Amino acid sequence: MRAFSKLIILAIISLTIISCGARQIHQSFLRKEVDISYIKQVAVLKFENNSQQTYAAERLRNIVMTEILALGLFDVVDKALVDMVLTEEVVGEQGGYNKATLRRIAKKLGVQALVVGSVDSYDIMREGSYSYPVVALTLRLVDGSTGEIIWQASGTASGYSTVGRLFGLKPEDLTQISFELVESLLRSLK
Amino acid sequence: MTRLALFIICSLLYGALSVWALDFSGDWRYWKASDTENRLTQMYSLSLSSQATRALSLGSTLRYTRTDQGNRTQELFTPTAFLGLRNDYFNLNFSATDTERRDSESPNLSTRSWDLNLTSSYYKKIGNIRLYYGGSTQQDDSSPRKIDTTSTHWGLSLDKEWHGVNLFYDYRGSHAEDKVESSKSDTGSHFIKGEYTNSWRKLTYNLAQQISYSTTKWEGELQGGRALYKVSVSVEWQPSAPANGSDFNDWIDQVKNATPDQNLGIIINLKGEAIDKIEFYYDSDPLNPKSIPSDVKWDIYSSNNKTNWTQIANNVSLPYVFSSTLSARYLKLIPRNVSATDPLKVNDPEFRVYRYLSSPTYKRKVKAYRTDLSFIYDFTENISVSYYFSYDKTSPDYGSGMKDIVHTVAASWWINRYFQPRLNFTRSTSETEGQPEMTVNTFSATLISEIYETLTVSSSYTHSLSQEGGENQTSSDNLTISTTARLYPDLDLRWDVTGTKTHNYQSNSDTKGLSSRINIIARIKPSLTINSIYDYNYTESSTGTSTTENYIMLDANWRVSDYMLLRGTESIRWSRGEKLINSTYSIWLGLTPKTQLNFQYSGARNSNNTDQFSSFFSWRISQYLSFKSTYSWIKDKNGKKWSLMLNLTLTF
């Protein structure tokens with residue numbers, strides 16, 4: 001009976017630990033010959049939105065700005081200023097930048113680098129009667145003077161949890177897993 | 001460690017819980033009667049339940065009942081708990097119950113049980129799966145103990161459709177231990193069934209095959225050179241078993257004059273086991289079982305097909321020990337008189353059947369096979385013929401083997417609405433090892449005529465012949481004419497006339513009978529319905545005896561208004577030298593939306609006159625509180641009796 005009790009406790013603890021946090025997969029690239037310590041301030045530009053959610057790109061842009069500041073990576077230019085410059089450069093809602101445009105934007109804003117990205121998924125998935133959020137995001141850090149990519153990271157995070165599905169627990173919401181995904185992507189810059 | 005595990009599980013669950021539902025109810029009942037001591041019963045129930053998550057629900061109920069009567073106090077404390085988990089993969093249900101019984105006049109008794117049930121339809125390749133496991137214990141606190149049992153049971157079942165074939169497999173096992181009787185038993189059984197139904201052109205066919213294998217292992221103690229093995233049997237009551245709290249003498253009254261060929265009495269299916277002793281308890285309370293008094297006499301019959309009954313004991317008391325070990329498929333018991341002990345208050349009536357063993361161990365393995373085949377061929381929309389065949393064989397390694405074969409051929413032809421003939425022939429054969437073969441051949445022809453939309457006449461003739469070992473036993477001929485008519489939109493008539501003739505080849509005697517029933521239902525207006533019945537029954541035997549019985553019943557039901565309902569029933573039953581008149585009148589009043597009042601008078605006039613007056617009052621005092629009371633007054637051959645019950649119920 002004791003062995004059985006131990007087994008039950010172990011199973012519950014294991015399942016609880018396994019189910020904590022969102023499931024993530026991510027990959028990053030950092031140009032080897034570049035030392036990013038010269039970057040003091042960045043501007044986060046509008047993201048491409050490849051998801052079904054209209055405001056997904058803007059939501060994740062805000063989260064990226066918050067996390068860059070929270071992790072102490074760089075200083076971030078105010079969003080209103082960035083949007084004003086983007087309007088001047090006639091950049092649409094879907095982003096889409098060429099090297100020349102990026103250089104001009106960096107120069108106008110006085111930043112050493114720009115952060116651009118694309119939201120590939122920002123959806124609620126369903127398996128059986130279980131629903132859970134999925135976020136997929138790609139971020140790029142572009143040098144302001146050359147328009148070259150210094151760093152790029154892609155990742156996907158899911159709120160799916162086996163324990164949650166078994167016991168009917170409420171999964172993390174889109175915002176929670178977005179923060180977790182952005183943080184883990186940006187940590188690859190440190 | 002177990003407590004720690006429970007604490008962690010409870011803590012995790014508690015953390016997950018968002019909403020608890022709490023229910024409380026209290027019930028107080030006070031009885032006062034002219035012939036018994038006053039009784040007060042208090043019942044309290046507290047339920048706690050929660051839909052903890054979308055998939056998880058759990059709860060617990062605590063019930064407490066206390067009854068005080070004279071110097072006797074009985075308490076019943078029953079905590080129960082349940083947990084249900086329902087997700088895409090499986091459904092899991094767990095329940096546990098503990099019943100603690102405290103009685104000032106008998107030892108305390110604890111009964112605990114739990115069950116775990118898991119079902120899943122997630123794995124399509126496997127099909128539907130069910131797994132279960134459970135256990136129970138029962139103990140009293142006397143020294144030495146009168147009851148000390150533990151048991152566990154488990155099982156698995158699978159069902160799946162495979163290329164149009166429905167497959168089903170079931171496995172179950174159990175282990176039981178009785179420390180007082182020093183006995184142990186282990187059982188196991190496997191059952192597999194396949195069924196296929198399809199049609200080809202105008203032919204619809206069905207094939208089903210099932211195989212089962214079961215084992216029983218029992219270990220006991222020899223006492224006086226023999227061990228007492230309790231045989232597992234199933235019991236059929238006709239009419240249905242008396243309800244708990246009713247008087248068993250009333251049930252006896254309904255069957256005491258029955259003949260074995262009538263569908264009345266108690267049939268015990270021995271499931272192929274040989275037996276030596278039979279006991280009957282009208283109250284099967286585990287600590288104080290009450291055996292039927294010996295002044296009740298019984299006739300006992302045996303049969304292998306439930307049709308031909310052979311008397312094996314006449315006018316005997318229970319418990320009854322057979323003169324030699326009895327092998328039969330079925331036993332029928334008919335009580336022949338009521339007991340002088342009145343009343344015999346029924347509480348889960350139970351028959352216990354035993355086998356005497358000369359060895360302290362008993363093992364039995366039973367294999368059973370059953371095949372069912374049916375074909376229906378529709379020549380046209382109006383003409384169809386069908387054939388049904390079943391073969392059922394049971395082969396125990398110990399005891400008598402049994403084999404049943406049934407053939408049925410049927411045809412129906414809808415010529416027109418005036419002429420709808422149907423024919424049916426059935427031959428059923430029952431074989432029991434070492435005993436003569438029993439055969440029953442039945443032929444029936446039915447003609448249905450829908451003469452008008454409001455008039456249907458159905459006539460049916462049935463001939464049946466039963467044989468034992470190739471020799472004729474009994475034959476019966478039965479002719480029934482049934483008429484259903486709607487005389488007016490609110491006036492229905494049904495008239496059934498049946499003529500029967502039975503011949504017994506052994507005694508070379510005949511019995512003839514004629515019965516008629518006329519039932520008229522008149523809905524005079526939507527609020528007033530009158531129902532009348534006239535029954536006539538006549539039987540005559542070749543020995544020169546005859547009986548005639550008449551019965552008339554008139555029942556009126558009148559809803560005077562939304563606040564008043566009147567009902568009256570008068571019936572008279574008379575046969576040679578006997579007359580019984582029954583009267584029942586009642587009035588129901590809905591005094592206010594929250595109160596109801598009912599008065600009823602019922603009386604019987606025959607050799608023993610009876611008058612009974614009863615009233616019922618209910619008052620819903622508030623959303624949470626209600627009050628009920630009943631009063632009853634009876635005058636019969638034993639004198640006058642009365643009883644009063646007051647009941648207050650509180651529910652949150």
# chains A, B, ... in the order shown; residues from 1 in each chain; ligands from 1
>>> residues_around(residues="stretch 173-190 of chain A", least_positions_apart="6", cutoff="10 Å", atoms="only C-alpha atoms", output="JSON, numbers by chain")
{"A": [21, 22, 23, 24, 25, 26, 27, 28, 29, 30, 36, 56, 59, 60, 61, 63, 64, 65, 66, 67, 68, 70, 71, 72, 73, 122, 123, 124, 132, 133, 134, 135, 136, 137, 138, 139, 141, 151, 152, 153, 154, 155, 156, 157, 158, 159]}
>>> write_last_selection(atoms="N, CA and C atoms", output="short mmCIF file (atom, residue, chain, number, x, y, z; two decimals), in the first residue's frame")
data_model
loop_
_atom_site.label_atom_id
_atom_site.label_comp_id
_atom_site.auth_asym_id
_atom_site.auth_seq_id
_atom_site.Cartn_x
_atom_site.Cartn_y
_atom_site.Cartn_z
N GLY A 21 3.94 25.68 -17.27
CA GLY A 21 4.53 26.46 -18.35
C GLY A 21 4.12 25.96 -19.71
N ALA A 22 4.35 26.85 -20.70
CA ALA A 22 3.93 26.52 -22.06
C ALA A 22 4.99 25.65 -22.72
N ARG A 23 4.54 24.85 -23.69
CA ARG A 23 5.48 24.05 -24.47
C ARG A 23 6.10 24.97 -25.53
N GLN A 24 7.42 24.91 -25.63
CA GLN A 24 8.08 25.82 -26.57
C GLN A 24 9.10 25.09 -27.44
N ILE A 25 9.25 25.60 -28.66
CA ILE A 25 10.36 25.18 -29.53
C ILE A 25 10.91 26.47 -30.12
N HIS A 26 12.23 26.68 -30.04
CA HIS A 26 12.78 27.87 -30.68
C HIS A 26 14.20 27.65 -31.17
N GLN A 27 14.60 28.50 -32.13
CA GLN A 27 15.92 28.41 -32.77
C GLN A 27 16.41 29.84 -33.01
N SER A 28 17.69 30.08 -32.79
CA SER A 28 18.16 31.47 -33.01
C SER A 28 19.50 31.48 -33.74
N PHE A 29 19.82 32.66 -34.32
CA PHE A 29 21.07 32.86 -35.06
C PHE A 29 21.66 34.20 -34.64
N LEU A 30 22.95 34.24 -34.31
CA LEU A 30 23.64 35.49 -33.96
C LEU A 30 24.92 35.54 -34.78
N ILE A 36 27.41 42.92 -30.12
CA ILE A 36 26.22 43.78 -30.08
C ILE A 36 26.27 44.81 -28.95
N ALA A 56 -2.92 40.79 -33.77
CA ALA A 56 -1.86 39.96 -33.21
C ALA A 56 -0.49 40.63 -33.32
N ARG A 59 -0.08 43.47 -30.84
CA ARG A 59 0.02 42.97 -29.46
C ARG A 59 1.42 42.44 -29.17
N LEU A 60 1.94 41.65 -30.12
CA LEU A 60 3.27 41.07 -29.90
C LEU A 60 4.36 42.14 -29.97
N ARG A 61 4.15 43.17 -30.77
CA ARG A 61 5.13 44.28 -30.84
C ARG A 61 5.24 44.94 -29.47
N ILE A 63 4.56 43.58 -26.60
CA ILE A 63 5.19 42.64 -25.66
C ILE A 63 6.70 42.61 -25.86
N VAL A 64 7.13 42.64 -27.13
CA VAL A 64 8.57 42.64 -27.42
C VAL A 64 9.23 43.88 -26.83
N MET A 65 8.58 45.05 -26.98
CA MET A 65 9.14 46.29 -26.44
C MET A 65 9.26 46.19 -24.91
N THR A 66 8.22 45.65 -24.29
CA THR A 66 8.23 45.52 -22.82
C THR A 66 9.34 44.59 -22.37
N GLU A 67 9.47 43.45 -23.06
CA GLU A 67 10.47 42.46 -22.63
C GLU A 67 11.90 42.94 -22.87
N ILE A 68 12.13 43.72 -23.97
CA ILE A 68 13.49 44.24 -24.21
C ILE A 68 13.90 45.14 -23.04
N ALA A 70 12.45 45.08 -20.01
CA ALA A 70 12.46 44.31 -18.76
C ALA A 70 13.72 43.49 -18.60
N LEU A 71 14.25 42.98 -19.72
CA LEU A 71 15.48 42.17 -19.65
C LEU A 71 16.74 43.04 -19.63
N GLY A 72 16.54 44.35 -19.83
CA GLY A 72 17.68 45.29 -19.81
C GLY A 72 18.59 45.13 -21.00
N LEU A 73 18.05 44.74 -22.14
CA LEU A 73 18.88 44.51 -23.33
C LEU A 73 19.30 45.84 -23.97
N TYR A 122 -1.13 32.97 -34.11
CA TYR A 122 -1.63 33.57 -32.87
C TYR A 122 -3.08 33.09 -32.76
N ASP A 123 -3.25 31.78 -32.53
CA ASP A 123 -4.57 31.17 -32.69
C ASP A 123 -4.94 30.28 -31.51
N ILE A 124 -6.24 29.95 -31.44
CA ILE A 124 -6.75 28.97 -30.48
C ILE A 124 -6.96 27.66 -31.26
N TYR A 132 -6.64 25.20 -26.77
CA TYR A 132 -5.42 25.78 -26.20
C TYR A 132 -4.83 26.77 -27.19
N PRO A 133 -4.07 27.78 -26.69
CA PRO A 133 -3.51 28.80 -27.58
C PRO A 133 -2.16 28.38 -28.17
N VAL A 134 -1.86 28.89 -29.38
CA VAL A 134 -0.56 28.64 -30.02
C VAL A 134 -0.06 29.97 -30.58
N VAL A 135 1.19 30.31 -30.27
CA VAL A 135 1.81 31.54 -30.79
C VAL A 135 3.13 31.17 -31.47
N ALA A 136 3.33 31.66 -32.68
CA ALA A 136 4.60 31.44 -33.37
C ALA A 136 5.10 32.81 -33.83
N LEU A 137 6.39 33.09 -33.57
CA LEU A 137 6.92 34.44 -33.80
C LEU A 137 8.36 34.36 -34.31
N THR A 138 8.71 35.26 -35.22
CA THR A 138 10.10 35.40 -35.67
C THR A 138 10.53 36.85 -35.41
N LEU A 139 11.69 37.02 -34.78
CA LEU A 139 12.22 38.36 -34.51
C LEU A 139 13.58 38.51 -35.20
N LEU A 141 17.00 41.34 -35.54
CA LEU A 141 17.68 42.57 -35.12
C LEU A 141 18.53 43.01 -36.31
N TRP A 151 20.93 39.42 -35.76
CA TRP A 151 20.39 38.29 -34.94
C TRP A 151 18.97 37.96 -35.44
N GLN A 152 18.65 36.68 -35.46
CA GLN A 152 17.29 36.26 -35.81
C GLN A 152 16.90 35.06 -34.95
N ALA A 153 15.67 35.08 -34.45
CA ALA A 153 15.19 33.94 -33.63
C ALA A 153 13.73 33.65 -33.98
N SER A 154 13.42 32.38 -34.10
CA SER A 154 12.03 31.96 -34.37
C SER A 154 11.61 30.97 -33.30
N GLY A 155 10.37 31.00 -32.96
CA GLY A 155 9.89 30.05 -31.96
C GLY A 155 8.37 29.91 -31.97
N THR A 156 7.94 28.81 -31.40
CA THR A 156 6.50 28.60 -31.25
C THR A 156 6.23 28.15 -29.81
N ALA A 157 5.15 28.63 -29.28
CA ALA A 157 4.77 28.25 -27.91
C ALA A 157 3.31 27.82 -27.92
N SER A 158 3.04 26.78 -27.13
CA SER A 158 1.67 26.25 -27.11
C SER A 158 1.20 26.13 -25.65
N GLY A 159 -0.05 26.41 -25.44
CA GLY A 159 -0.62 26.29 -24.09
C GLY A 159 -1.09 24.89 -23.79
#
>>> closest_atom_pairs(of="chain A", to="chain B", cutoff="6 Å", atoms="only C-alpha atoms", output="Markdown table")
| residue | atom | partner | partner_atom | distance |
| --- | --- | --- | --- | --- |
| A:Ser5 | CA | B:Thr2 | CA | 5.7 |
| A:Leu166 | CA | B:Asn87 | CA | 5.7 |
| A:Phe167 | CA | B:Ala55 | CA | 5.3 |
| A:Gly168 | CA | B:Ala55 | CA | 4.2 |
| A:Leu169 | CA | B:Thr53 | CA | 5.8 |
>>> residues_around(residues="B:Leu156", least_positions_apart="5", cutoff="12 Å", atoms="only C-alpha atoms", output="VMD selection string")
chain B and resid 116 to 120 128 to 133 168 to 173 188 to 192
>>> select_by_dssp(residues="chain A", states="strand (DSSP E or B)", output="JSON, numbers by chain")
{"A": [23, 24, 25, 26, 27, 28, 29, 30, 41, 42, 43, 44, 48, 49, 75, 76, 113, 114, 115, 116, 117, 118, 119, 120, 121, 122, 123, 124, 125, 126, 127, 130, 131, 132, 133, 134, 135, 136, 137, 138, 139, 140, 141, 142, 143, 149, 150, 151, 152, 153, 154, 155, 156, 157, 158]}
>>> select_by_dssp(residues="chain A", states="alpha helix (DSSP H)", output="JSON, numbers by chain")
{"A": [2, 3, 4, 5, 6, 7, 8, 9, 10, 11, 12, 13, 14, 15, 16, 17, 18, 19, 56, 57, 58, 59, 60, 61, 62, 63, 64, 65, 66, 67, 68, 69, 70, 79, 80, 81, 82, 83, 84, 85, 86, 87, 88, 99, 100, 101, 102, 103, 104, 105, 106, 107, 108, 109, 162, 163, 164, 165, 166, 167, 174, 175, 176, 177, 178, 179, 180, 181, 182, 183, 184, 185, 186, 187]}
>>> write_last_selection(atoms="C-alpha atoms", output="compact mmCIF listing (two decimals), in the first residue's frame")
# COMPACT_ATOMS: atom_id res chain seq x y z
CA ARG A 2 2.89 2.34 0.83
CA ALA A 3 4.57 1.67 -2.48
CA PHE A 4 1.28 2.35 -4.23
CA SER A 5 0.85 5.67 -2.37
CA LYS A 6 4.41 6.68 -3.28
CA LEU A 7 3.71 5.86 -6.89
CA ILE A 8 0.57 7.99 -6.92
CA ILE A 9 2.36 10.96 -5.32
CA LEU A 10 5.26 10.64 -7.75
CA ALA A 11 2.88 10.46 -10.70
CA ILE A 12 0.92 13.53 -9.56
CA ILE A 13 4.07 15.59 -8.86
CA SER A 14 5.62 14.54 -12.21
CA LEU A 15 2.49 15.37 -14.14
CA THR A 16 2.16 18.72 -12.35
CA ILE A 17 5.78 19.66 -13.09
CA ILE A 18 5.49 18.53 -16.71
CA SER A 19 2.33 20.53 -17.17
CA ALA A 56 -1.86 39.96 -33.21
CA ALA A 57 1.14 41.80 -34.71
CA GLU A 58 0.54 44.93 -32.68
CA ARG A 59 0.02 42.97 -29.46
CA LEU A 60 3.27 41.07 -29.90
CA ARG A 61 5.13 44.28 -30.84
CA ASN A 62 4.09 45.77 -27.50
CA ILE A 63 5.19 42.64 -25.66
CA VAL A 64 8.57 42.64 -27.42
CA MET A 65 9.14 46.29 -26.44
CA THR A 66 8.23 45.52 -22.82
CA GLU A 67 10.47 42.46 -22.63
CA ILE A 68 13.49 44.24 -24.21
CA LEU A 69 13.22 46.84 -21.49
CA ALA A 70 12.46 44.31 -18.76
CA LYS A 79 6.30 53.65 -30.16
CA ALA A 80 4.56 56.89 -31.17
CA LEU A 81 7.79 58.30 -32.58
CA VAL A 82 8.49 55.09 -34.46
CA ASP A 83 5.00 55.03 -35.94
CA MET A 84 5.33 58.67 -37.01
CA VAL A 85 8.55 57.86 -38.92
CA LEU A 86 6.97 54.75 -40.42
CA THR A 87 4.09 56.89 -41.67
CA GLU A 88 6.57 59.27 -43.24
CA LYS A 99 17.59 47.84 -46.66
CA ALA A 100 17.44 51.46 -47.76
CA THR A 101 14.22 52.08 -45.88
CA LEU A 102 15.61 50.46 -42.74
CA ARG A 103 18.74 52.60 -42.89
CA ARG A 104 16.66 55.75 -43.31
CA ILE A 105 14.40 54.86 -40.38
CA ALA A 106 17.38 54.12 -38.12
CA LYS A 107 19.00 57.39 -39.08
CA LYS A 108 15.82 59.42 -38.48
CA LEU A 109 15.26 57.77 -35.07
CA THR A 162 -1.51 16.84 -20.95
CA VAL A 163 -2.47 17.28 -17.32
CA GLY A 164 -4.74 20.16 -18.27
CA ARG A 165 -6.44 18.06 -20.89
CA LEU A 166 -6.82 15.12 -18.50
CA PHE A 167 -8.11 17.12 -15.55
CA LEU A 174 -2.47 33.90 -25.51
CA THR A 175 -0.92 36.84 -23.67
CA GLN A 176 0.76 34.62 -21.06
CA ILE A 177 2.38 32.32 -23.60
CA SER A 178 3.31 35.32 -25.77
CA PHE A 179 5.32 36.83 -22.89
CA GLU A 180 7.01 33.49 -22.25
CA LEU A 181 7.90 33.00 -25.93
CA VAL A 182 9.23 36.56 -26.43
CA GLU A 183 11.31 36.31 -23.26
CA SER A 184 12.88 33.03 -24.30
CA LEU A 185 13.63 34.34 -27.80
CA LEU A 186 15.22 37.53 -26.49
CA ARG A 187 17.26 35.63 -23.91
>>> atom_distance(atom1="atom CA of B:Leu333", atom2="atom CA of B:Asp348")
17.7 Å
>>> residues_around(residues="B:Asp283", least_positions_apart="4", cutoff="8 Å", atoms="only C-alpha atoms", output="ChimeraX atom specification")
/B:289-291,345-350
>>> write_last_selection(atoms="N, CA and C atoms", output="short mmCIF file (atom, residue, chain, number, x, y, z; two decimals), in the first residue's frame")
data_model
loop_
_atom_site.label_atom_id
_atom_site.label_comp_id
_atom_site.auth_asym_id
_atom_site.auth_seq_id
_atom_site.Cartn_x
_atom_site.Cartn_y
_atom_site.Cartn_z
N PRO B 289 -31.26 -11.98 11.04
CA PRO B 289 -32.15 -12.45 9.97
C PRO B 289 -33.36 -13.16 10.56
N LYS B 290 -34.54 -12.93 9.97
CA LYS B 290 -35.76 -13.55 10.50
C LYS B 290 -36.26 -14.59 9.52
N SER B 291 -36.21 -15.83 9.98
CA SER B 291 -36.63 -16.96 9.15
C SER B 291 -38.16 -17.02 9.11
N LYS B 345 -43.00 -8.48 8.84
CA LYS B 345 -42.55 -7.26 8.19
C LYS B 345 -41.34 -7.55 7.30
N VAL B 346 -41.52 -7.32 6.01
CA VAL B 346 -40.51 -7.71 5.02
C VAL B 346 -39.35 -6.73 5.00
N ASN B 347 -38.13 -7.28 4.91
CA ASN B 347 -36.93 -6.46 4.72
C ASN B 347 -35.96 -7.25 3.86
N ASP B 348 -35.87 -6.91 2.59
CA ASP B 348 -35.00 -7.60 1.62
C ASP B 348 -35.12 -9.12 1.74
N PRO B 349 -36.27 -9.69 1.37
CA PRO B 349 -36.46 -11.13 1.52
C PRO B 349 -35.42 -11.91 0.72
N GLU B 350 -34.94 -13.02 1.31
CA GLU B 350 -33.83 -13.74 0.67
C GLU B 350 -33.99 -15.25 0.81
#
>>> closest_residue(among="B:Trp251, B:Phe77, B:Tyr362, B:Tyr330", to="B:Glu219", atoms="only C-alpha atoms")
B:Tyr362
>>> residues_around(residues="stretch 141-143 of chain B", least_positions_apart="6", cutoff="12 Å", atoms="only C-alpha atoms", output="PyMOL selection string")
chain B and resi 100-103+105-111+180+287
>>> closest_residue(among="B:Ala368, B:Ile524, B:Asp510, B:Thr215", to="B:Thr545", atoms="only C-alpha atoms")
B:Asp510
>>> residues_around(residues="A:Tyr38", least_positions_apart="4", cutoff="12 Å", atoms="only C-alpha atoms", output="PyMOL selection string")
chain A and resi 34+42+73-74+111-113+143-144
>>> atom_distance(atom1="atom CA of B:Thr65", atom2="atom CA of B:Ser643")
21.9 Å
>>> residues_around(residues="stretch 203-206 of chain B", least_positions_apart="6", cutoff="8 Å", atoms="only C-alpha atoms", output="count of residues only")
10
